[in-house]
$ cat work.txt   # compact mmCIF, C-alpha atoms
# COMPACT_ATOMS: atom_id res chain seq x y z
CA MET M 1 7.84 31.65 -22.15
CA ASP M 2 8.55 31.90 -18.44
CA LEU M 3 6.22 29.66 -16.43
CA ASN M 4 7.26 31.36 -13.20
CA THR M 5 5.82 34.77 -14.10
CA ARG M 6 2.45 36.11 -15.21
CA GLY M 7 3.16 37.89 -18.48
CA ILE M 8 0.93 38.74 -21.41
CA ILE M 9 1.45 35.39 -23.16
CA ASN M 10 0.67 33.50 -19.94
CA TYR M 11 -2.66 35.30 -19.65
CA LEU M 12 -3.47 34.81 -23.34
CA LEU M 13 -3.07 31.06 -22.90
CA LEU M 14 -5.34 30.89 -19.85
CA PRO M 15 -8.40 29.64 -21.83
CA ILE M 16 -6.36 26.63 -22.97
CA SER M 17 -5.16 26.15 -19.39
CA GLY M 18 -8.78 26.12 -18.26
CA MET M 19 -9.57 23.37 -20.75
CA PHE M 20 -6.51 21.43 -19.59
CA TYR M 21 -7.66 21.72 -15.99
CA LEU M 22 -11.20 20.54 -16.77
CA VAL M 23 -9.96 17.56 -18.79
CA SER M 24 -7.52 16.54 -16.04
CA VAL M 25 -10.23 16.74 -13.37
CA LEU M 26 -12.72 14.78 -15.51
CA ARG M 27 -10.11 12.13 -16.32
CA LYS M 28 -9.24 11.63 -12.66
CA TRP M 29 -12.95 11.40 -11.73
CA LEU M 30 -13.59 8.78 -14.42
CA TYR M 31 -10.89 6.59 -12.90
CA ARG M 32 -12.28 7.18 -9.42
CA VAL M 33 -15.78 5.97 -10.42
CA ASN M 34 -14.29 3.00 -12.32
CA PHE M 35 -15.43 4.22 -15.74
CA PHE M 36 -11.78 3.75 -16.70
CA LYS M 37 -10.24 0.59 -15.29
CA VAL M 38 -7.37 0.82 -12.83
CA LYS M 39 -4.83 -1.99 -13.20
CA LYS M 40 -3.96 -3.61 -9.87
CA PHE M 41 -0.83 -5.64 -9.12
CA LYS M 42 0.32 -8.39 -6.80
CA CYS M 43 3.19 -6.34 -5.36
CA PRO M 44 3.43 -2.79 -3.95
CA VAL M 45 4.01 0.16 -6.28
CA ILE M 46 5.66 3.39 -5.15
CA VAL M 47 5.20 6.39 -7.44
CA VAL M 48 7.71 9.24 -7.35
CA GLY M 49 6.26 12.12 -9.32
CA ASN M 50 5.36 15.79 -9.31
CA ILE M 51 2.50 18.14 -10.09
CA THR M 52 4.56 20.50 -12.25
CA VAL M 53 6.57 20.26 -15.44
CA GLY M 54 10.32 20.72 -15.32
CA GLY M 55 13.03 19.05 -13.33
CA THR M 56 12.44 18.55 -9.62
CA GLY M 57 15.04 15.83 -9.04
CA LYS M 58 12.85 12.73 -9.11
CA THR M 59 15.42 10.37 -10.60
CA PRO M 60 18.04 10.69 -7.80
CA ILE M 61 15.25 9.92 -5.33
CA VAL M 62 14.17 6.88 -7.34
CA ILE M 63 17.77 5.65 -7.35
CA LEU M 64 18.07 6.23 -3.60
CA LEU M 65 14.83 4.35 -2.85
CA ALA M 66 15.78 1.49 -5.16
CA GLN M 67 19.19 1.10 -3.53
CA TYR M 68 17.68 1.32 -0.04
CA PHE M 69 15.13 -1.44 -0.58
CA LYS M 70 17.67 -3.53 -2.47
CA GLN M 71 19.89 -3.45 0.62
CA LYS M 72 16.85 -4.50 2.66
CA GLY M 73 16.58 -7.67 0.58
CA LYS M 74 13.68 -6.60 -1.64
CA GLN M 75 13.53 -7.67 -5.28
CA VAL M 76 13.14 -4.16 -6.66
CA GLY M 77 12.21 -3.08 -10.18
CA VAL M 78 11.81 0.36 -11.71
CA VAL M 79 9.40 1.51 -14.42
CA LEU M 80 9.52 4.63 -16.57
CA ARG M 81 7.91 5.98 -19.70
CA GLY M 82 11.26 6.30 -21.48
CA TYR M 83 11.22 9.96 -22.51
CA GLY M 84 13.68 10.80 -25.25
CA GLY M 85 14.18 7.19 -26.35
CA MET M 86 13.30 5.69 -29.72
CA HIS M 87 11.45 2.71 -28.24
CA HIS M 88 7.74 3.43 -28.64
CA LYS M 89 5.88 0.12 -28.83
CA GLY M 90 5.42 -2.33 -25.97
CA SER M 91 7.79 -2.87 -23.06
CA LEU M 92 11.56 -2.84 -23.14
CA LEU M 93 13.71 -4.28 -20.36
CA VAL M 94 16.67 -1.94 -19.97
CA SER M 95 20.09 -3.24 -18.94
CA LYS M 96 23.53 -1.70 -18.64
CA ASN M 97 24.17 -2.62 -22.27
CA THR M 98 21.03 -1.05 -23.73
CA ASN M 99 21.60 1.64 -26.35
CA VAL M 100 20.74 4.99 -24.76
CA TYR M 101 19.15 6.18 -28.01
CA LEU M 102 16.67 3.34 -27.69
CA SER M 103 15.87 3.62 -23.98
CA GLY M 104 16.38 7.30 -23.24
CA ASP M 105 18.75 8.72 -20.64
CA GLU M 106 16.96 8.19 -17.32
CA PRO M 107 16.21 4.45 -17.70
CA LEU M 108 19.82 3.70 -18.61
CA LEU M 109 21.15 5.89 -15.80
CA ILE M 110 18.98 4.05 -13.26
CA ALA M 111 20.03 0.65 -14.64
CA LEU M 112 23.71 1.64 -14.44
CA GLN M 113 23.55 3.05 -10.92
CA THR M 114 21.30 0.43 -9.29
CA ASP M 115 22.02 -2.78 -11.23
CA LEU M 116 18.28 -3.51 -11.04
CA PRO M 117 15.72 -4.42 -13.73
CA VAL M 118 14.25 -1.35 -15.40
CA MET M 119 11.22 -1.55 -17.70
CA ILE M 120 10.02 1.20 -20.01
CA ASN M 121 6.65 1.51 -21.68
CA ARG M 122 4.42 4.45 -22.54
CA ASN M 123 1.75 2.45 -20.74
CA ARG M 124 3.27 2.38 -17.25
CA ALA M 125 0.68 -0.08 -15.97
CA GLN M 126 1.77 -2.55 -18.64
CA ALA M 127 5.41 -1.91 -17.76
CA VAL M 128 4.67 -2.87 -14.14
CA GLU M 129 2.87 -6.05 -15.16
CA ASP M 130 5.62 -7.09 -17.58
CA LEU M 131 8.34 -6.38 -15.03
CA ILE M 132 6.59 -8.53 -12.42
CA ASN M 133 6.14 -11.40 -14.89
CA GLU M 134 9.63 -11.28 -16.39
CA CYS M 135 11.80 -10.49 -13.37
CA GLN M 136 9.84 -11.76 -10.35
CA VAL M 137 10.18 -8.48 -8.48
CA ASN M 138 8.24 -7.83 -5.28
CA LEU M 139 8.47 -4.03 -5.15
CA ILE M 140 8.04 -1.55 -8.01
CA ILE M 141 9.18 2.06 -8.08
CA SER M 142 7.78 4.31 -10.81
CA ASP M 143 9.88 7.27 -11.91
CA ASP M 144 7.14 9.83 -12.61
CA GLY M 145 3.60 8.67 -13.30
CA LEU M 146 1.72 10.51 -10.56
CA GLN M 147 -0.94 11.34 -13.17
CA HIS M 148 -0.92 7.85 -14.77
CA TYR M 149 -4.06 6.77 -12.93
CA LYS M 150 -4.43 3.55 -14.88
CA MET M 151 -1.51 2.27 -12.79
CA ASP M 152 -2.61 1.38 -9.26
CA ARG M 153 -0.23 2.51 -6.55
CA ASP M 154 0.28 1.94 -2.84
CA ILE M 155 2.37 4.99 -2.04
CA GLU M 156 2.58 8.39 -3.74
CA ILE M 157 5.59 10.64 -3.30
CA ALA M 158 5.44 14.13 -4.79
CA VAL M 159 8.70 16.02 -5.33
CA ILE M 160 8.58 19.81 -5.50
CA ASP M 161 11.17 22.45 -6.29
CA GLY M 162 11.68 24.38 -3.07
CA THR M 163 12.90 27.44 -4.94
CA ARG M 164 10.40 27.77 -7.79
CA ARG M 165 7.61 26.01 -5.90
CA PHE M 166 4.64 26.14 -8.32
CA GLY M 167 5.80 28.94 -10.57
CA ASN M 168 3.00 31.32 -11.52
CA GLU M 169 0.45 28.75 -10.24
CA PHE M 170 -1.26 28.53 -13.64
CA PHE M 171 -2.04 25.23 -15.34
CA LEU M 172 -0.37 24.12 -18.56
CA PRO M 173 0.39 25.65 -21.00
CA SER M 174 0.32 29.11 -19.36
CA GLY M 175 1.93 27.76 -16.19
CA PRO M 176 3.76 24.70 -14.88
CA LEU M 177 0.92 22.90 -13.09
CA ARG M 178 -0.18 19.44 -14.22
CA GLU M 179 -2.64 19.18 -11.34
CA SER M 180 -4.02 21.43 -8.63
CA ILE M 181 -1.78 22.31 -5.69
CA ASP M 182 -4.47 20.67 -3.53
CA ARG M 183 -3.36 17.36 -5.03
CA LEU M 184 -0.47 17.39 -2.57
CA LYS M 185 -2.94 16.85 0.26
CA SER M 186 -3.73 13.37 -1.05
CA VAL M 187 -0.18 12.08 -1.53
CA ASP M 188 1.65 10.13 1.17
CA PHE M 189 4.85 12.19 1.17
CA VAL M 190 5.99 15.56 -0.15
CA ILE M 191 9.73 15.92 -0.70
CA ASN M 192 11.20 19.40 -1.01
CA ASN M 193 14.43 19.52 -3.01
CA THR M 194 15.49 22.92 -1.59
CA GLY M 195 14.90 24.26 1.90
CA PHE M 196 12.45 23.36 4.63
CA ARG M 197 8.67 23.66 4.81
CA ALA M 198 6.27 22.28 7.41
CA GLY M 199 4.88 18.91 6.39
CA GLU M 200 7.56 18.34 3.76
CA PHE M 201 10.65 16.14 3.87
CA ASN M 202 13.87 17.77 2.81
CA ILE M 203 16.22 15.96 0.48
CA LYS M 204 19.89 16.75 0.39
CA LEU M 205 21.69 16.32 -2.93
CA ILE M 206 25.29 15.73 -1.96
CA ILE M 207 27.91 16.46 -4.60
CA LYS M 208 30.70 13.90 -4.33
CA ILE M 209 33.39 13.94 -7.03
CA PHE M 210 34.09 14.59 -10.70
CA VAL M 211 34.34 11.44 -12.83
CA ASN M 212 35.95 11.30 -16.27
CA VAL M 213 33.36 10.04 -18.76
CA LYS M 214 35.93 8.14 -20.86
CA THR M 215 38.38 6.75 -18.31
CA GLY M 216 36.43 6.66 -15.04
CA GLU M 217 39.19 8.66 -13.32
CA GLU M 218 37.95 10.50 -10.21
CA LYS M 219 38.91 13.99 -9.08
CA PRO M 220 37.96 15.97 -5.94
CA LEU M 221 35.45 18.80 -6.05
CA ASP M 222 38.14 21.50 -5.98
CA TYR M 223 39.96 20.05 -9.01
CA PHE M 224 38.56 22.64 -11.46
CA ASN M 225 38.60 25.55 -9.02
CA GLY M 226 39.64 28.73 -10.84
CA GLU M 227 39.63 27.05 -14.26
CA TYR M 228 37.56 27.89 -17.32
CA CYS M 229 35.19 25.06 -18.14
CA HIS M 230 32.22 24.37 -20.36
CA GLY M 231 29.06 23.42 -18.49
CA VAL M 232 26.67 21.20 -20.45
CA ALA M 233 23.15 20.41 -19.27
CA GLY M 234 20.18 18.84 -21.04
CA ILE M 235 17.97 18.54 -17.96
CA GLY M 236 14.69 20.03 -16.73
CA TYR M 237 16.26 22.83 -14.67
CA PRO M 238 19.86 23.36 -15.86
CA GLN M 239 20.51 26.50 -13.82
CA ARG M 240 20.67 24.47 -10.60
CA PHE M 241 23.56 22.46 -12.05
CA PHE M 242 25.34 25.57 -13.32
CA ASP M 243 24.96 27.29 -9.95
CA THR M 244 26.57 24.27 -8.27
CA LEU M 245 29.59 24.48 -10.58
CA ILE M 246 29.93 28.22 -10.00
CA ARG M 247 29.87 27.68 -6.22
CA LEU M 248 32.82 25.32 -6.72
CA GLY M 249 34.82 28.29 -8.02
CA ILE M 250 34.66 27.33 -11.69
CA ASN M 251 34.71 29.98 -14.42
CA LEU M 252 31.79 28.56 -16.34
CA LYS M 253 30.69 28.82 -19.94
CA PRO M 254 27.15 27.35 -19.78
CA HIS M 255 25.51 25.46 -22.66
CA ILE M 256 21.82 24.66 -22.27
CA PHE M 257 20.23 21.84 -24.25
CA ALA M 258 16.63 20.63 -24.23
CA ASP M 259 15.63 18.14 -21.54
CA HIS M 260 16.42 14.57 -22.70
CA TYR M 261 18.44 16.01 -25.59
CA VAL M 262 20.20 13.36 -27.69
CA TYR M 263 23.78 14.55 -28.01
CA GLN M 264 25.89 14.19 -31.12
CA GLN M 265 29.67 14.43 -30.99
CA SER M 266 29.54 17.70 -32.90
CA ASP M 267 27.46 19.29 -30.12
CA LEU M 268 30.41 19.13 -27.75
CA VAL M 269 33.19 20.32 -30.04
CA PHE M 270 34.49 23.70 -28.90
CA GLU M 271 37.31 25.82 -30.31
CA ASP M 272 39.19 25.89 -27.02
CA ASN M 273 40.38 22.90 -25.04
CA TYR M 274 38.55 23.66 -21.79
CA PRO M 275 37.16 20.74 -19.76
CA ILE M 276 33.51 19.86 -20.39
CA LEU M 277 31.44 19.30 -17.23
CA MET M 278 28.02 17.62 -17.33
CA THR M 279 25.46 15.79 -15.23
CA ALA M 280 25.30 12.01 -14.92
CA LYS M 281 22.08 12.11 -16.95
CA ASP M 282 23.93 13.85 -19.80
CA CYS M 283 26.92 11.55 -19.41
CA VAL M 284 25.12 8.35 -20.41
CA LYS M 285 24.41 9.86 -23.84
CA CYS M 286 28.04 10.79 -24.45
CA ILE M 287 29.89 7.60 -23.47
CA GLN M 288 30.33 6.31 -27.02
CA PHE M 289 32.14 9.43 -28.25
CA ALA M 290 33.62 10.73 -24.99
CA ASN M 291 37.11 12.20 -24.86
CA ASN M 292 39.44 12.88 -21.95
CA GLN M 293 38.08 16.41 -21.48
CA MET M 294 34.57 15.23 -20.55
CA TRP M 295 33.64 14.88 -16.88
CA TYR M 296 30.41 14.42 -14.97
CA LEU M 297 29.55 15.50 -11.45
CA GLN M 298 28.56 12.56 -9.26
CA VAL M 299 25.65 13.42 -6.97
CA GLU M 300 23.94 11.36 -4.28
CA ALA M 301 20.54 11.94 -2.72
CA ASN M 302 20.04 11.71 1.03
CA LEU M 303 16.80 11.47 3.01
CA SER M 304 16.33 11.25 6.76
CA ASP M 305 15.97 7.98 8.65
CA ASN M 306 12.57 9.22 9.79
CA PHE M 307 11.39 9.36 6.19
CA PHE M 308 12.37 5.74 5.57
CA LYS M 309 10.74 4.62 8.81
CA GLU M 310 7.47 6.24 7.79
CA LEU M 311 7.77 4.89 4.26
CA GLU M 312 8.31 1.30 5.41
CA ALA M 313 5.41 1.62 7.86
CA LYS M 314 3.08 2.37 4.93
CA LEU M 315 4.21 -0.60 2.81

$ encode --input "work.txt" --output "structure tokens"
Amino acid sequence: MDLNTRGIINYLLLPISGMFYLVSVLRKWLYRVNFFKVKKFKCPVIVVGNITVGGTGKTPIVILLAQYFKQKGKQVGVVLRGYGGMHHKGSLLVSKNTNVYLSGDEPLLIALQTDLPVMINRNRAQAVEDLINECQVNLIISDDGLQHYKMDRDIEIAVIDGTRRFGNEFFLPSGPLRESIDRLKSVDFVINNTGFRAGEFNIKLIIKIFVNVKTGEEKPLDYFNGEYCHGVAGIGYPQRFFDTLIRLGINLKPHIFADHYVYQQSDLVFEDNYPILMTAKDCVKCIQFANNQMWYLQVEANLSDNFFKELEAKL
């Protein structure tokens, strides 16, 4: 079902969407009046989330923020729920050596790219508390969790897709909305991942190089120009990745997998010998069985100096 259009199925599901909306509003109100307890912490918490389902590019922003504050001398930690991983009970401290099938793709990717402590727990508030106690951090960044109101936060950053915006503007399951669009008025920052809008900060995702998953060999962006390649993506919005490869002049054969999909070696066996191109998020799940034909596209996020000045002023 397309969450960007208003088809028959979308309208049929509207009664369920109405119930979802009422429950979400009631839940938020119960936290606001202290019927449900909000867990407070002794160090600042920055939440990077969204009000829609689907990929908006939160993880590159989390990595960028973590690296920025690390360079500033902060003892930074990151918390996540651990979607797609097999760890379901209590907190798990993720390191570079953690099995991706246990942690899920995003926690391991963040640990690999930042060399910072990463804690996963379905209860994000508990993850924050455990990370503070175990690793003596003084700044926490939460990848997602805008709606996890049990976890107190000092700064809220909402990331939106500048192209799809809010889809058909229906609530789940008939649309992509987790919360009302008005929720954006209460966050500290809105980051737009495509284009410019008044009141929103624009993030630039800069494509850098292709990196061989097995050997670490690096190749320039024009290396596969004119070649036939397989494009593999198990992310929230795979078409953005495929469009990037096509703009690089690659004759692409796209293969879409579910978000957080756990790859098996057999998934990436093709009859031809064309190179296989994937995202960094996909890459961490393929390292153990990678061959020389597997490459990932290295991407870096970039935000303006003005954004970081305003962010630091709020801490």

$ closest_residue --input "work.txt" --among "M:Val159, M:Gly85, M:Asn123, M:Val79" --to "Val137 in chain M" --atoms "all atoms listed in the file"
M:Val79

$ residues_near_point --input "work.txt" --point "(-8.3, 5.5, -16.1)" --cutoff "12 Å" --atoms "only C-alpha atoms" --output "PyMOL selection string"
chain M and resi 24-40+123+125+147-152

$ closest_residue --input "work.txt" --among "M:Gly49, M:Gly7, M:Gly82, M:Pro117" --to "Leu102 in chain M" --atoms "only C-alpha atoms"
M:Gly82

$ closest_residue --input "work.txt" --among "M:Val76, M:Asp115, M:Lys208, M:Glu134" --to "Leu93 in chain M" --atoms "all atoms listed in the file"
M:Glu134

$ closest_residue --input "work.txt" --among "M:Ile9, M:Ile246, M:Leu311, M:Val94" --to "Ile46 in chain M" --atoms "only C-alpha atoms"
M:Leu311

$ closest_residue --input "work.txt" --among "M:Cys229, M:Leu65, M:Ile140, M:Met278" --to "Lys253 in chain M" --atoms "only C-alpha atoms"
M:Cys229

$ closest_residue --input "work.txt" --among "M:His230, M:Thr59, M:Gly249, M:Val284" --to "Asp272 in chain M" --atoms "all atoms listed in the file"
M:His230

$ atom_distance --input "work.txt" --atom1 "CA of Phe166 in chain M" --atom2 "CA of Leu3 in chain M"
9.0 Å

$ residues_near_point --input "work.txt" --point "(37.1, 28.0, -18.4)" --cutoff "10 Å" --atoms "only C-alpha atoms" --output "ChimeraX atom specification"
/M:224-231,250-253,272-276

$ write_last_selection --input "work.txt" --atoms "C-alpha atoms" --output "mmCIF file, in the frame of the given file"
data_model
loop_
_atom_site.group_PDB
_atom_site.id
_atom_site.type_symbol
_atom_site.label_atom_id
_atom_site.label_comp_id
_atom_site.auth_asym_id
_atom_site.auth_seq_id
_atom_site.Cartn_x
_atom_site.Cartn_y
_atom_site.Cartn_z
ATOM 1 C CA PHE M 224 38.560 22.640 -11.460
ATOM 2 C CA ASN M 225 38.600 25.550 -9.020
ATOM 3 C CA GLY M 226 39.640 28.730 -10.840
ATOM 4 C CA GLU M 227 39.630 27.050 -14.260
ATOM 5 C CA TYR M 228 37.560 27.890 -17.320
ATOM 6 C CA CYS M 229 35.190 25.060 -18.140
ATOM 7 C CA HIS M 230 32.220 24.370 -20.360
ATOM 8 C CA GLY M 231 29.060 23.420 -18.490
ATOM 9 C CA ILE M 250 34.660 27.330 -11.690
ATOM 10 C CA ASN M 251 34.710 29.980 -14.420
ATOM 11 C CA LEU M 252 31.790 28.560 -16.340
ATOM 12 C CA LYS M 253 30.690 28.820 -19.940
ATOM 13 C CA ASP M 272 39.190 25.890 -27.020
ATOM 14 C CA ASN M 273 40.380 22.900 -25.040
ATOM 15 C CA TYR M 274 38.550 23.660 -21.790
ATOM 16 C CA PRO M 275 37.160 20.740 -19.760
ATOM 17 C CA ILE M 276 33.510 19.860 -20.390
#

$ axis_aligned_box --input "work.txt" --around "range 95-103 of chain M" --padding-each-side "6 Å" --output "lines of an AutoDock Vina configuration file"
center_x = 20.0
center_y = 1.5
center_z = -23.3
size_x = 20.3
size_y = 21.4
size_z = 21.4

$ residues_around --input "work.txt" --residues "Ser95 in chain M" --least-positions-apart "5" --cutoff "9 Å" --atoms "all atoms listed in the file" --output "PyMOL selection string"
chain M and resi 107-108+111-112+115-118

$ atom_distance --input "work.txt" --atom1 "CA of Leu13 in chain M" --atom2 "CA of Pro176 in chain M"
12.3 Å

$ atom_distance --input "work.txt" --atom1 "CA of Leu184 in chain M" --atom2 "CA of Pro44 in chain M"
20.6 Å

$ residues_around --input "work.txt" --residues "Thr194 in chain M" --least-positions-apart "2" --cutoff "9 Å" --atoms "all atoms listed in the file" --output "ChimeraX atom specification"
/M:160-163,192,196,202-204

$ build_atoms --input "work.txt" --residues "range 123-134 of chain M" --atoms "N, CA, C and O atoms" --output "compact mmCIF listing (two decimals), in the coordinates of the input"
# COMPACT_ATOMS: atom_id res chain seq x y z
N ASN M 123 2.82 2.91 -21.64
CA ASN M 123 1.75 2.45 -20.74
C ASN M 123 2.44 1.92 -19.48
O ASN M 123 2.89 0.78 -19.43
N ARG M 124 2.53 2.76 -18.46
CA ARG M 124 3.27 2.38 -17.25
C ARG M 124 2.67 1.16 -16.57
O ARG M 124 3.37 0.34 -16.00
N ALA M 125 1.33 1.07 -16.60
CA ALA M 125 0.68 -0.08 -15.97
C ALA M 125 1.14 -1.38 -16.63
O ALA M 125 1.39 -2.39 -15.95
N GLN M 126 1.28 -1.37 -17.94
CA GLN M 126 1.77 -2.55 -18.64
C GLN M 126 3.23 -2.82 -18.31
O GLN M 126 3.65 -3.97 -18.19
N ALA M 127 4.00 -1.75 -18.14
CA ALA M 127 5.41 -1.91 -17.76
C ALA M 127 5.52 -2.61 -16.41
O ALA M 127 6.37 -3.49 -16.22
N VAL M 128 4.66 -2.24 -15.46
CA VAL M 128 4.67 -2.87 -14.14
C VAL M 128 4.33 -4.35 -14.27
O VAL M 128 5.03 -5.22 -13.71
N GLU M 129 3.29 -4.66 -15.01
CA GLU M 129 2.87 -6.05 -15.16
C GLU M 129 3.95 -6.89 -15.83
O GLU M 129 4.25 -8.02 -15.39
N ASP M 130 4.57 -6.36 -16.87
CA ASP M 130 5.62 -7.09 -17.58
C ASP M 130 6.86 -7.27 -16.70
O ASP M 130 7.51 -8.33 -16.75
N LEU M 131 7.17 -6.27 -15.90
CA LEU M 131 8.34 -6.38 -15.03
C LEU M 131 8.12 -7.44 -13.95
O LEU M 131 9.03 -8.23 -13.64
N ILE M 132 6.92 -7.51 -13.41
CA ILE M 132 6.59 -8.53 -12.42
C ILE M 132 6.69 -9.93 -13.03
O ILE M 132 7.27 -10.85 -12.45
N ASN M 133 6.16 -10.08 -14.23
CA ASN M 133 6.14 -11.40 -14.89
C ASN M 133 7.52 -11.86 -15.34
O ASN M 133 7.85 -13.04 -15.25
N GLU M 134 8.34 -10.92 -15.82
CA GLU M 134 9.63 -11.28 -16.39
C GLU M 134 10.75 -11.37 -15.36
O GLU M 134 11.71 -12.15 -15.53
